[in-house]
Every structure is written in structure tokens, then in C-alpha cells.
$ cat final_24.pdb   # PDB, C-alpha atoms and all ligand atoms
ATOM      1  CA  MET A  12       3.800 -22.200 -10.422
ATOM      2  CA  VAL A  13       1.373 -25.135  -9.963
ATOM      3  CA  SER A  14       2.078 -28.003  -7.535
ATOM      4  CA  THR A  15       1.268 -31.681  -8.200
ATOM      5  CA  ASN A  16      -2.278 -31.392  -6.721
ATOM      6  CA  GLY A  17      -3.240 -28.752  -9.324
ATOM      7  CA  LYS A  18      -3.254 -25.872  -6.818
ATOM      8  CA  PRO A  19      -0.811 -22.962  -7.067
ATOM      9  CA  ALA A  20       2.354 -23.880  -5.209
ATOM     10  CA  PRO A  21       2.899 -22.214  -1.848
ATOM     11  CA  ILE A  22       5.932 -19.991  -1.475
ATOM     12  CA  LYS A  23       8.476 -19.808   1.331
ATOM     13  CA  VAL A  24       9.659 -16.422   2.564
ATOM     14  CA  ARG A  25      12.372 -16.707   5.201
ATOM     15  CA  ASP A  26      11.019 -19.246   7.740
ATOM     16  CA  LYS A  27       7.307 -19.059   6.773
ATOM     17  CA  PHE A  28       5.038 -20.528   4.106
ATOM     18  CA  PHE A  29       2.437 -18.501   2.252
ATOM     19  CA  ARG A  30      -0.361 -19.526  -0.103
ATOM     20  CA  LEU A  31      -1.803 -17.656  -3.043
ATOM     21  CA  TYR A  32      -4.318 -14.976  -2.083
ATOM     22  CA  LEU A  33      -4.713 -12.733  -5.140
ATOM     23  CA  GLU A  34      -3.380 -13.220  -8.661
ATOM     24  CA  LYS A  35      -1.611 -10.543 -10.637
ATOM     25  CA  GLU A  36      -4.425 -10.364 -13.217
ATOM     26  CA  GLN A  37      -6.892  -9.431 -10.448
ATOM     27  CA  ILE A  38      -4.392  -6.957  -8.987
ATOM     28  CA  ASP A  39      -4.079  -5.368 -12.410
ATOM     29  CA  ARG A  40      -7.851  -4.956 -12.743
ATOM     30  CA  ILE A  41      -8.121  -3.391  -9.275
ATOM     31  CA  VAL A  42      -5.315  -0.907 -10.004
ATOM     32  CA  GLY A  43      -6.983  -0.030 -13.324
ATOM     33  CA  GLY A  44     -10.229   0.713 -11.465
ATOM     34  CA  ILE A  45      -8.496   3.071  -9.032
ATOM     35  CA  ALA A  46      -6.680   4.845 -11.884
ATOM     36  CA  GLY A  47      -9.963   5.361 -13.726
ATOM     37  CA  ARG A  48     -11.568   6.986 -10.677
ATOM     38  CA  ILE A  49      -8.553   9.257 -10.164
ATOM     39  CA  ASP A  50      -8.662  10.274 -13.848
ATOM     40  CA  MET A  51     -12.274  11.385 -13.416
ATOM     41  CA  ASP A  52     -11.810  13.110 -10.036
ATOM     42  CA  TYR A  53      -8.695  15.097 -10.977
ATOM     43  CA  GLN A  54      -9.684  16.382 -14.439
ATOM     44  CA  GLY A  55      -7.954  19.737 -15.033
ATOM     45  CA  LYS A  56      -5.695  19.299 -11.975
ATOM     46  CA  LEU A  57      -2.076  18.254 -11.569
ATOM     47  CA  PRO A  58      -2.080  15.901  -8.562
ATOM     48  CA  LEU A  59       1.134  15.030  -6.754
ATOM     49  CA  PHE A  60       1.209  11.340  -5.854
ATOM     50  CA  LEU A  61       3.112  10.648  -2.672
ATOM     51  CA  GLY A  62       4.250   7.036  -2.466
ATOM     52  CA  VAL A  63       5.032   5.592   0.955
ATOM     53  CA  LEU A  64       8.265   3.590   0.745
ATOM     54  CA  ASN A  65       9.207   0.850   0.846
ATOM     55  CA  GLY A  66       6.003  -1.139   0.357
ATOM     56  CA  ALA A  67       4.172   1.115  -2.123
ATOM     57  CA  PHE A  68       6.853   1.246  -4.807
ATOM     58  CA  ILE A  69       5.229  -1.395  -7.036
ATOM     59  CA  PHE A  70       1.625  -0.237  -6.557
ATOM     60  CA  ALA A  71       2.723   3.376  -7.156
ATOM     61  CA  SER A  72       4.530   2.511 -10.377
ATOM     62  CA  ASP A  73       1.574   0.451 -11.680
ATOM     63  CA  LEU A  74      -0.937   3.126 -10.702
ATOM     64  CA  LEU A  75       1.044   5.941 -12.323
ATOM     65  CA  ARG A  76       1.249   4.056 -15.602
ATOM     66  CA  LYS A  77      -2.527   3.566 -15.648
ATOM     67  CA  VAL A  78      -3.442   7.169 -14.782
ATOM     68  CA  SER A  79      -3.800   9.247 -17.927
ATOM     69  CA  ILE A  80      -4.159  12.795 -16.546
ATOM     70  CA  PRO A  81      -1.015  14.917 -16.049
ATOM     71  CA  CYS A  82       0.510  14.151 -12.637
ATOM     72  CA  GLU A  83       3.737  14.109 -10.640
ATOM     73  CA  ILE A  84       5.161  11.693  -8.072
ATOM     74  CA  SER A  85       7.365  11.920  -5.026
ATOM     75  CA  PHE A  86       8.098   9.524  -2.166
ATOM     76  CA  VAL A  87       8.300   9.521   1.599
ATOM     77  CA  LYS A  88       9.696   6.737   3.711
ATOM     78  CA  TYR A  89       7.898   5.716   6.881
ATOM     79  CA  SER A  90       8.316   2.499   8.764
ATOM     80  CA  SER A  91       6.474   0.879  11.663
ATOM     81  CA  TYR A  92       6.439  -2.860  11.037
ATOM     82  CA  GLN A  93       8.825  -5.272  12.685
ATOM     83  CA  GLY A  94       8.531  -8.841  11.354
ATOM     84  CA  MET A  95       4.787  -9.467  11.269
ATOM     85  CA  ALA A  96       3.584  -6.930  13.840
ATOM     86  CA  SER A  97       2.649  -3.306  13.388
ATOM     87  CA  GLY A  98       4.787  -1.188  15.720
ATOM     88  CA  GLU A  99       3.595   1.689  17.912
ATOM     89  CA  LYS A 100       6.472   3.951  16.926
ATOM     90  CA  ILE A 101       6.617   5.359  13.404
ATOM     91  CA  ASN A 102      10.079   6.091  12.013
ATOM     92  CA  ARG A 103      10.260   8.851   9.413
ATOM     93  CA  LEU A 104      13.156   7.837   7.244
ATOM     94  CA  LEU A 105      12.767  10.227   4.302
ATOM     95  CA  GLY A 106      10.954  13.456   4.767
ATOM     96  CA  LEU A 107       8.438  15.770   3.249
ATOM     97  CA  ASN A 108       9.452  19.064   1.694
ATOM     98  CA  GLU A 109       8.178  22.371   0.355
ATOM     99  CA  THR A 110       6.965  20.852  -2.928
ATOM    100  CA  ILE A 111       3.817  19.826  -0.995
ATOM    101  CA  ARG A 112       2.526  23.363  -0.383
ATOM    102  CA  GLY A 113      -0.698  24.177  -2.268
ATOM    103  CA  ARG A 114      -0.706  20.827  -4.100
ATOM    104  CA  ASP A 115      -3.446  18.218  -4.481
ATOM    105  CA  ILE A 116      -1.822  15.226  -2.807
ATOM    106  CA  ILE A 117      -2.764  11.591  -3.347
ATOM    107  CA  ILE A 118      -0.980   9.380  -0.817
ATOM    108  CA  VAL A 119      -0.186   5.974  -2.307
ATOM    109  CA  GLU A 120       0.122   3.196   0.267
ATOM    110  CA  ASP A 121       0.401  -0.553  -0.267
ATOM    111  CA  ILE A 122      -1.590  -1.545   2.808
ATOM    112  CA  VAL A 123      -3.366   0.169   5.677
ATOM    113  CA  ASP A 124      -3.388  -1.998   8.784
ATOM    114  CA  THR A 125      -3.877  -0.169  12.106
ATOM    115  CA  GLY A 126      -3.747   3.146  10.213
ATOM    116  CA  LEU A 127      -1.050   4.532  12.494
ATOM    117  CA  THR A 128       1.493   5.181   9.731
ATOM    118  CA  MET A 129      -1.050   7.044   7.631
ATOM    119  CA  ALA A 130      -2.309   9.064  10.612
ATOM    120  CA  GLN A 131       1.271  10.184  11.261
ATOM    121  CA  LEU A 132       1.756  11.124   7.610
ATOM    122  CA  PHE A 133      -1.511  13.140   7.647
ATOM    123  CA  ALA A 134      -0.303  15.026  10.728
ATOM    124  CA  ASP A 135       3.105  15.723   9.151
ATOM    125  CA  LEU A 136       1.549  16.842   5.853
ATOM    126  CA  LYS A 137      -0.585  19.480   7.583
ATOM    127  CA  ALA A 138       2.485  21.596   8.329
ATOM    128  CA  TYR A 139       3.122  21.963   4.570
ATOM    129  CA  GLU A 140      -0.425  23.211   3.825
ATOM    130  CA  PRO A 141      -1.367  21.074   0.819
ATOM    131  CA  ALA A 142      -4.514  22.140  -1.101
ATOM    132  CA  SER A 143      -6.069  18.689  -0.571
ATOM    133  CA  VAL A 144      -5.073  15.211   0.605
ATOM    134  CA  LYS A 145      -6.613  11.907  -0.480
ATOM    135  CA  VAL A 146      -5.486   8.333   0.093
ATOM    136  CA  ALA A 147      -5.158   5.469  -2.376
ATOM    137  CA  CYS A 148      -4.294   2.143  -0.796
ATOM    138  CA  PHE A 149      -4.185  -1.261  -2.402
ATOM    139  CA  CYS A 150      -5.169  -3.374   0.638
ATOM    140  CA  PHE A 151      -7.117  -2.302   3.692
ATOM    141  CA  LYS A 152      -7.325  -4.460   6.832
ATOM    142  CA  LYS A 153     -10.654  -3.143   8.043
ATOM    143  CA  ASP A 154     -10.726  -5.235  11.239
ATOM    144  CA  ALA A 155      -7.267  -4.055  12.341
ATOM    145  CA  PHE A 156      -7.951  -0.361  11.599
ATOM    146  CA  ARG A 157      -7.802   1.859  14.712
ATOM    147  CA  GLU A 158      -7.936   5.372  13.200
ATOM    148  CA  ASN A 159     -10.822   7.312  11.693
ATOM    149  CA  PHE A 160      -9.604   8.808   8.422
ATOM    150  CA  THR A 161     -11.272   8.024   5.112
ATOM    151  CA  ILE A 162      -9.605   5.891   2.470
ATOM    152  CA  ASP A 163     -10.710   7.557  -0.727
ATOM    153  CA  TYR A 164      -9.481   4.920  -3.163
ATOM    154  CA  CYS A 165      -9.406   1.465  -1.611
ATOM    155  CA  GLY A 166      -8.350  -1.426  -3.841
ATOM    156  CA  LEU A 167      -9.344  -4.345  -1.668
ATOM    157  CA  GLU A 168     -10.591  -4.893   1.882
ATOM    158  CA  ILE A 169      -8.914  -7.944   3.381
ATOM    159  CA  PRO A 170      -9.366  -9.749   6.709
ATOM    160  CA  ASP A 171      -6.653  -9.343   9.345
ATOM    161  CA  LEU A 172      -4.199 -11.623   7.479
ATOM    162  CA  PHE A 173      -0.484 -11.272   7.010
ATOM    163  CA  VAL A 174       0.264 -10.973   3.300
ATOM    164  CA  VAL A 175       3.378 -10.695   1.132
ATOM    165  CA  GLY A 176       4.108  -9.976  -2.514
ATOM    166  CA  TYR A 177       3.297  -7.021  -4.778
ATOM    167  CA  GLY A 178       5.649  -4.847  -2.720
ATOM    168  CA  LEU A 179       4.613  -6.242   0.673
ATOM    169  CA  ASP A 180       7.334  -7.908   2.704
ATOM    170  CA  TYR A 181       7.990 -10.236   5.576
ATOM    171  CA  ASP A 182      11.120  -8.933   7.278
ATOM    172  CA  GLY A 183      12.336  -7.280   4.077
ATOM    173  CA  ALA A 184      11.762 -10.319   1.853
ATOM    174  CA  GLY A 185       8.983 -11.343  -0.547
ATOM    175  CA  ARG A 186       8.284  -7.953  -2.129
ATOM    176  CA  ASN A 187       9.149  -9.219  -5.604
ATOM    177  CA  PHE A 188       6.309 -11.745  -6.037
ATOM    178  CA  PRO A 189       3.845 -10.391  -8.645
ATOM    179  CA  ASP A 190       0.871 -12.095  -6.872
ATOM    180  CA  ILE A 191      -0.196 -11.586  -3.239
ATOM    181  CA  TYR A 192       0.178 -14.503  -0.785
ATOM    182  CA  GLN A 193      -1.231 -15.029   2.694
ATOM    183  CA  LEU A 194       0.567 -16.585   5.637
ATOM    184  CA  ASP A 195      -0.358 -20.245   6.084
ATOM    185  CA  GLU A 196       0.868 -21.692   9.377
ATOM    186  CA  THR A 197      -0.539 -25.149   8.497
ATOM    187  CA  LEU A 198       2.069 -25.666   5.738
TER
HETATM  188  P1  LIG B   1      -0.111   0.508   9.926
HETATM  189  O1  LIG B   1       0.665   1.688  10.422
HETATM  190  O2  LIG B   1      -0.424  -0.463  11.042
HETATM  191  O3  LIG B   1      -1.365   0.871   9.140
HETATM  192  O4  LIG B   1       0.842  -0.319   8.986
HETATM  193  C1  LIG B   1       1.160   0.111   7.729
HETATM  194  C2  LIG B   1       2.434  -0.528   7.217
HETATM  195  O5  LIG B   1       2.664  -1.811   7.788
HETATM  196  C3  LIG B   1       2.311  -0.767   5.732
HETATM  197  O6  LIG B   1       2.828   0.314   5.010
HETATM  198  C4  LIG B   1       3.133  -2.020   5.511
HETATM  199  O7  LIG B   1       4.470  -1.665   5.238
HETATM  200  C5  LIG B   1       3.085  -2.750   6.826
HETATM  201  N1  LIG B   1       2.111  -3.873   6.807
HETATM  202  C6  LIG B   1       0.887  -3.902   7.358
HETATM  203  N2  LIG B   1       0.283  -5.094   7.154
HETATM  204  C7  LIG B   1       1.160  -5.839   6.436
HETATM  205  C8  LIG B   1       1.099  -7.180   5.879
HETATM  206  O8  LIG B   1       0.125  -7.941   5.986
HETATM  207  N3  LIG B   1       2.203  -7.570   5.200
HETATM  208  C9  LIG B   1       3.312  -6.781   5.028
HETATM  209  N4  LIG B   1       3.390  -5.537   5.515
HETATM  210  C10 LIG B   1       2.327  -5.064   6.218
END

$ encode --input "final_24.pdb" --output "C-alpha cells"
Amino acid sequence: MVSTNGKPAPIKVRDKFFRLYLEKEQIDRIVGGIAGRIDMDYQGKLPLFLGVLNGAFIFASDLLRKVSIPCEISFVKYSSYQGMASGEKINRLLGLNETIRGRDIIIVEDIVDTGLTMAQLFADLKAYEPASVKVACFCFKKDAFRENFTIDYCGLEIPDLFVVGYGLDYDGAGRNFPDIYQLDETL
């Protein structure tokens, strides 16, 4: 939606205002690029995508529909964020299982912030002895990152902003916006 000054209208999610950061057409191109790289890297393999709920459900469904090699998908549920801050304690809300053993895993995450959630998932995955583990994440907050794992397929590096839309939420709300919006405390 466009406001009277010709700029895209800001959105309100709960008590905060957000302005447009990335349009769905750009998101679509970025996801297509990641899918193309995965198609090339996993020729002749049957990767198991592992989506991290809740945030990654939209990115995972878009990515899967753009990948053209045979593949499977499963989900885990991890949570660390409270409101707009990344928590120290990771809650595992839906677990891993035996289907991981010997598989080529591609973790699908909406956003990597401190990296704590992903580090915990890596540690948990080890116990199930996958053949390989790579990470695809849509947004990466490089300046907030505190871990040292590699992000194999990174959609977009963003500054340390708080963003919503495209699966990302503020306190459970805002996941349904097709574009990505950044917090704007001046509005
Ligand atoms: P990390 O453990 O600090 O890397 O945080 C990862 C999780 O925090 C992601 O899966 C998101 O659910 C959430 N998160 C991190 N940054 C944002 C943001 O800007 N908006 C919404 N959720 C976020």
C-alpha cells in the first residue's frame, strides 16, 4: 500500500511501527538464487531440508517450490526470542528424530541473529549422525552474530535491525506480511 507522500505506507504490528525494508519481488529473486545453488550442489543426492519453526515456514515453503532436485522436508521447533530480544536460553519445542541419520541435511532458518539457536541445533543434530549439515538462512545479522559456524546459503546480510514479515514476527504477530519491514521508532 502507498501512503499520500508516494512512499510505501508503514505498518503497525502490536504497539510498534515498521517501514518497508525489502519487497516481495526482491525476496523472490533471492530465494530463487539460493534454490539454484542448492540444485547444483546436491545433484544426485536426496537432501532433507530441516525447517526451523515458527519463523522459517514461509521461506521453507518458497525455497522447496523453487528447488528442482528430489528432496524431502521436516521441521524442528526452537525458540529463543522474547519480544525483540534474543534470549540466552533455547527452548526445544519439537524434536529431532531418527530420520536424520546418514542424511544430507540443509537447515532452513528465516534469520540468524546471535547464532545461538543454530549452534544449539548443530549440537543436537550431531547425536543423530547426519552425513552432512549445511545452513540456508534468508537474513543474517552479521554484526549481532556471536558464533563461528558457516552459513552456506545466505540470502541477505542485514544490519542489526529488528525486522518483521515473510515469516518473521514481533511477539507472534506480523509473520503474514509478504514484504519485510524494519522497526522505525520515529513513526
Ligand atoms: P538467534 O538465536 O539469536 O540467532 O536468533 C534466531 C531466532 O530469533 C530466529 O529464528 C528468529 O525467530 C528470531 N529473530 C532474530 N532476529 C529477529 C528479527 O529481527 N525479527 C524477528 N525475529 C527475529

$ residues_near_ligand --input "final_24.pdb" --ligand "ligand LIG 1 (chain B)" --cutoff "8 Å" --atoms "all atoms listed in the file" --output "ChimeraX atom specification"
/A:63-67,89-92,95-98,101,120-130,152,155-156,171-175,179-181,193

$ residues_around --input "final_24.pdb" --residues "Phe188 of chain A" --least-positions-apart "5" --cutoff "8 Å" --atoms "only C-alpha atoms" --output "number ranges by chain"
A: 175-178

$ atom_distance --input "final_24.pdb" --atom1 "atom CA of Thr161 of chain A" --atom2 "atom CA of Arg186 of chain A"
26.3 Å

$ residues_around --input "final_24.pdb" --residues "Tyr164 of chain A" --least-positions-apart "2" --cutoff "7 Å" --atoms "only C-alpha atoms" --output "CSV table (one decimal) with C-alpha atoms, keeping the file's coordinate frame"
chain,number,residue,atom,x,y,z
A,45,ILE,CA,-8.5,3.1,-9.0
A,146,VAL,CA,-5.5,8.3,0.1
A,147,ALA,CA,-5.2,5.5,-2.4
A,148,CYS,CA,-4.3,2.1,-0.8
A,162,ILE,CA,-9.6,5.9,2.5
A,166,GLY,CA,-8.4,-1.4,-3.8

$ closest_residue --input "final_24.pdb" --among "A:Ser79, A:Ser72, A:Thr197, A:Asn102" --to "Val119 of chain A" --atoms "only C-alpha atoms"
A:Ser72

$ closest_residue --input "final_24.pdb" --among "A:Arg76, A:Lys153, A:Lys137, A:Arg40" --to "Ile169 of chain A" --atoms "all atoms listed in the file"
A:Lys153

$ closest_residue --input "final_24.pdb" --among "A:Asp26, A:Glu83, A:Asp39, A:Asp182" --to "Phe70 of chain A" --atoms "all atoms listed in the file"
A:Asp39

$ atom_distance --input "final_24.pdb" --atom1 "atom CA of Gly113 of chain A" --atom2 "atom CA of Ile69 of chain A"
26.7 Å

$ residues_around --input "final_24.pdb" --residues "Arg114 of chain A" --least-positions-apart "2" --cutoff "6 Å" --atoms "all atoms listed in the file" --output "ChimeraX atom specification"
/A:111-112,116,141-142

$ atom_distance --input "final_24.pdb" --atom1 "atom CA of Val78 of chain A" --atom2 "atom CA of Gly43 of chain A"
8.2 Å

$ resolve_selection --input "final_24.pdb" --expression "the PyMOL selection byres (((chain A and resi 167) around 8) and not hetatm)" --output "PyMOL selection string"
chain A and resi 41+149-151+165-166+168-169

$ decode --input "final_24.pdb" --residues "segment 153-184 of chain A" --atoms "N, CA, C and O atoms" --output "PDB file, in the first residue's frame"
ATOM      1  N   LYS A 153      24.916  -9.955  10.552  1.00  0.00           N
ATOM      2  CA  LYS A 153      26.353 -10.181  10.721  1.00  0.00           C
ATOM      3  C   LYS A 153      26.908  -9.528  12.001  1.00  0.00           C
ATOM      4  O   LYS A 153      27.719 -10.116  12.715  1.00  0.00           O
ATOM      5  N   ASP A 154      26.467  -8.308  12.291  1.00  0.00           N
ATOM      6  CA  ASP A 154      27.023  -7.573  13.431  1.00  0.00           C
ATOM      7  C   ASP A 154      26.562  -8.124  14.783  1.00  0.00           C
ATOM      8  O   ASP A 154      27.174  -7.842  15.814  1.00  0.00           O
ATOM      9  N   ALA A 155      25.465  -8.884  14.779  1.00  0.00           N
ATOM     10  CA  ALA A 155      24.965  -9.449  16.042  1.00  0.00           C
ATOM     11  C   ALA A 155      25.482 -10.879  16.265  1.00  0.00           C
ATOM     12  O   ALA A 155      25.362 -11.423  17.364  1.00  0.00           O
ATOM     13  N   PHE A 156      26.085 -11.453  15.224  1.00  0.00           N
ATOM     14  CA  PHE A 156      26.496 -12.867  15.243  1.00  0.00           C
ATOM     15  C   PHE A 156      27.617 -13.102  16.265  1.00  0.00           C
ATOM     16  O   PHE A 156      28.609 -12.377  16.272  1.00  0.00           O
ATOM     17  N   ARG A 157      27.422 -14.116  17.141  1.00  0.00           N
ATOM     18  CA  ARG A 157      28.419 -14.387  18.182  1.00  0.00           C
ATOM     19  C   ARG A 157      29.020 -15.787  18.068  1.00  0.00           C
ATOM     20  O   ARG A 157      29.802 -16.201  18.911  1.00  0.00           O
ATOM     21  N   GLU A 158      28.598 -16.562  17.080  1.00  0.00           N
ATOM     22  CA  GLU A 158      29.105 -17.940  16.941  1.00  0.00           C
ATOM     23  C   GLU A 158      30.111 -17.990  15.795  1.00  0.00           C
ATOM     24  O   GLU A 158      30.449 -16.956  15.221  1.00  0.00           O
ATOM     25  N   ASN A 159      30.584 -19.204  15.462  1.00  0.00           N
ATOM     26  CA  ASN A 159      31.577 -19.235  14.377  1.00  0.00           C
ATOM     27  C   ASN A 159      31.289 -20.291  13.312  1.00  0.00           C
ATOM     28  O   ASN A 159      32.201 -20.748  12.648  1.00  0.00           O
ATOM     29  N   PHE A 160      30.008 -20.678  13.164  1.00  0.00           N
ATOM     30  CA  PHE A 160      29.706 -21.624  12.094  1.00  0.00           C
ATOM     31  C   PHE A 160      29.526 -20.877  10.759  1.00  0.00           C
ATOM     32  O   PHE A 160      29.348 -19.657  10.741  1.00  0.00           O
ATOM     33  N   THR A 161      29.602 -21.645   9.693  1.00  0.00           N
ATOM     34  CA  THR A 161      29.474 -21.059   8.355  1.00  0.00           C
ATOM     35  C   THR A 161      28.022 -21.108   7.904  1.00  0.00           C
ATOM     36  O   THR A 161      27.345 -22.117   8.101  1.00  0.00           O
ATOM     37  N   ILE A 162      27.576 -20.026   7.280  1.00  0.00           N
ATOM     38  CA  ILE A 162      26.245 -20.046   6.667  1.00  0.00           C
ATOM     39  C   ILE A 162      26.470 -20.290   5.176  1.00  0.00           C
ATOM     40  O   ILE A 162      27.025 -19.462   4.462  1.00  0.00           O
ATOM     41  N   ASP A 163      26.087 -21.484   4.747  1.00  0.00           N
ATOM     42  CA  ASP A 163      26.421 -21.919   3.399  1.00  0.00           C
ATOM     43  C   ASP A 163      25.616 -21.172   2.342  1.00  0.00           C
ATOM     44  O   ASP A 163      26.123 -20.838   1.282  1.00  0.00           O
ATOM     45  N   TYR A 164      24.341 -20.963   2.626  1.00  0.00           N
ATOM     46  CA  TYR A 164      23.474 -20.268   1.669  1.00  0.00           C
ATOM     47  C   TYR A 164      22.817 -19.108   2.411  1.00  0.00           C
ATOM     48  O   TYR A 164      21.865 -19.305   3.163  1.00  0.00           O
ATOM     49  N   CYS A 165      23.386 -17.922   2.213  1.00  0.00           N
ATOM     50  CA  CYS A 165      22.874 -16.743   2.922  1.00  0.00           C
ATOM     51  C   CYS A 165      22.136 -15.863   1.930  1.00  0.00           C
ATOM     52  O   CYS A 165      22.711 -15.441   0.921  1.00  0.00           O
ATOM     53  N   GLY A 166      20.859 -15.587   2.197  1.00  0.00           N
ATOM     54  CA  GLY A 166      20.071 -14.765   1.285  1.00  0.00           C
ATOM     55  C   GLY A 166      20.530 -13.324   1.299  1.00  0.00           C
ATOM     56  O   GLY A 166      20.865 -12.743   0.281  1.00  0.00           O
ATOM     57  N   LEU A 167      20.590 -12.751   2.502  1.00  0.00           N
ATOM     58  CA  LEU A 167      20.813 -11.318   2.628  1.00  0.00           C
ATOM     59  C   LEU A 167      21.455 -10.999   3.977  1.00  0.00           C
ATOM     60  O   LEU A 167      20.961 -11.440   5.006  1.00  0.00           O
ATOM     61  N   GLU A 168      22.565 -10.255   3.934  1.00  0.00           N
ATOM     62  CA  GLU A 168      23.149  -9.757   5.190  1.00  0.00           C
ATOM     63  C   GLU A 168      22.456  -8.449   5.521  1.00  0.00           C
ATOM     64  O   GLU A 168      22.355  -7.571   4.663  1.00  0.00           O
ATOM     65  N   ILE A 169      21.970  -8.336   6.759  1.00  0.00           N
ATOM     66  CA  ILE A 169      21.313  -7.078   7.144  1.00  0.00           C
ATOM     67  C   ILE A 169      21.998  -6.506   8.384  1.00  0.00           C
ATOM     68  O   ILE A 169      22.588  -7.257   9.167  1.00  0.00           O
ATOM     69  N   PRO A 170      21.915  -5.187   8.579  1.00  0.00           N
ATOM     70  CA  PRO A 170      22.457  -4.606   9.813  1.00  0.00           C
ATOM     71  C   PRO A 170      21.650  -5.119  11.015  1.00  0.00           C
ATOM     72  O   PRO A 170      20.656  -5.822  10.838  1.00  0.00           O
ATOM     73  N   ASP A 171      22.062  -4.752  12.196  1.00  0.00           N
ATOM     74  CA  ASP A 171      21.400  -5.244  13.411  1.00  0.00           C
ATOM     75  C   ASP A 171      20.067  -4.512  13.623  1.00  0.00           C
ATOM     76  O   ASP A 171      19.919  -3.714  14.540  1.00  0.00           O
ATOM     77  N   LEU A 172      19.106  -4.796  12.725  1.00  0.00           N
ATOM     78  CA  LEU A 172      17.777  -4.165  12.763  1.00  0.00           C
ATOM     79  C   LEU A 172      16.782  -5.169  13.275  1.00  0.00           C
ATOM     80  O   LEU A 172      17.008  -6.363  13.148  1.00  0.00           O
ATOM     81  N   PHE A 173      15.637  -4.690  13.750  1.00  0.00           N
ATOM     82  CA  PHE A 173      14.570  -5.642  14.056  1.00  0.00           C
ATOM     83  C   PHE A 173      13.591  -5.620  12.888  1.00  0.00           C
ATOM     84  O   PHE A 173      13.089  -4.564  12.505  1.00  0.00           O
ATOM     85  N   VAL A 174      13.349  -6.779  12.309  1.00  0.00           N
ATOM     86  CA  VAL A 174      12.503  -6.859  11.112  1.00  0.00           C
ATOM     87  C   VAL A 174      11.322  -7.804  11.323  1.00  0.00           C
ATOM     88  O   VAL A 174      11.401  -8.741  12.134  1.00  0.00           O
ATOM     89  N   VAL A 175      10.252  -7.535  10.594  1.00  0.00           N
ATOM     90  CA  VAL A 175       9.073  -8.427  10.616  1.00  0.00           C
ATOM     91  C   VAL A 175       8.605  -8.677   9.183  1.00  0.00           C
ATOM     92  O   VAL A 175       8.987  -7.965   8.260  1.00  0.00           O
ATOM     93  N   GLY A 176       7.747  -9.666   9.048  1.00  0.00           N
ATOM     94  CA  GLY A 176       7.192 -10.020   7.741  1.00  0.00           C
ATOM     95  C   GLY A 176       7.933 -11.211   7.164  1.00  0.00           C
ATOM     96  O   GLY A 176       8.986 -11.599   7.664  1.00  0.00           O
ATOM     97  N   TYR A 177       7.355 -11.824   6.130  1.00  0.00           N
ATOM     98  CA  TYR A 177       7.947 -13.005   5.498  1.00  0.00           C
ATOM     99  C   TYR A 177       8.304 -14.066   6.561  1.00  0.00           C
ATOM    100  O   TYR A 177       9.383 -14.617   6.584  1.00  0.00           O
ATOM    101  N   GLY A 178       7.371 -14.285   7.472  1.00  0.00           N
ATOM    102  CA  GLY A 178       7.558 -15.313   8.500  1.00  0.00           C
ATOM    103  C   GLY A 178       8.117 -14.792   9.811  1.00  0.00           C
ATOM    104  O   GLY A 178       7.991 -15.440  10.855  1.00  0.00           O
ATOM    105  N   LEU A 179       8.746 -13.613   9.765  1.00  0.00           N
ATOM    106  CA  LEU A 179       9.362 -13.048  10.979  1.00  0.00           C
ATOM    107  C   LEU A 179       8.318 -12.291  11.795  1.00  0.00           C
ATOM    108  O   LEU A 179       7.504 -11.557  11.238  1.00  0.00           O
ATOM    109  N   ASP A 180       8.387 -12.438  13.102  1.00  0.00           N
ATOM    110  CA  ASP A 180       7.339 -11.862  13.947  1.00  0.00           C
ATOM    111  C   ASP A 180       7.865 -10.874  14.974  1.00  0.00           C
ATOM    112  O   ASP A 180       9.056 -10.876  15.320  1.00  0.00           O
ATOM    113  N   TYR A 181       6.941 -10.054  15.464  1.00  0.00           N
ATOM    114  CA  TYR A 181       7.180  -9.302  16.690  1.00  0.00           C
ATOM    115  C   TYR A 181       6.142  -9.822  17.676  1.00  0.00           C
ATOM    116  O   TYR A 181       4.939  -9.638  17.457  1.00  0.00           O
ATOM    117  N   ASP A 182       6.590 -10.524  18.683  1.00  0.00           N
ATOM    118  CA  ASP A 182       5.690 -11.083  19.690  1.00  0.00           C
ATOM    119  C   ASP A 182       4.551 -11.901  19.074  1.00  0.00           C
ATOM    120  O   ASP A 182       3.393 -11.748  19.454  1.00  0.00           O
ATOM    121  N   GLY A 183       4.886 -12.715  18.096  1.00  0.00           N
ATOM    122  CA  GLY A 183       3.903 -13.605  17.475  1.00  0.00           C
ATOM    123  C   GLY A 183       3.133 -12.987  16.323  1.00  0.00           C
ATOM    124  O   GLY A 183       2.478 -13.699  15.564  1.00  0.00           O
ATOM    125  N   ALA A 184       3.214 -11.683  16.152  1.00  0.00           N
ATOM    126  CA  ALA A 184       2.427 -11.023  15.095  1.00  0.00           C
ATOM    127  C   ALA A 184       3.329 -10.531  13.959  1.00  0.00           C
ATOM    128  O   ALA A 184       4.529 -10.326  14.159  1.00  0.00           O
TER     129      ALA A 184
END
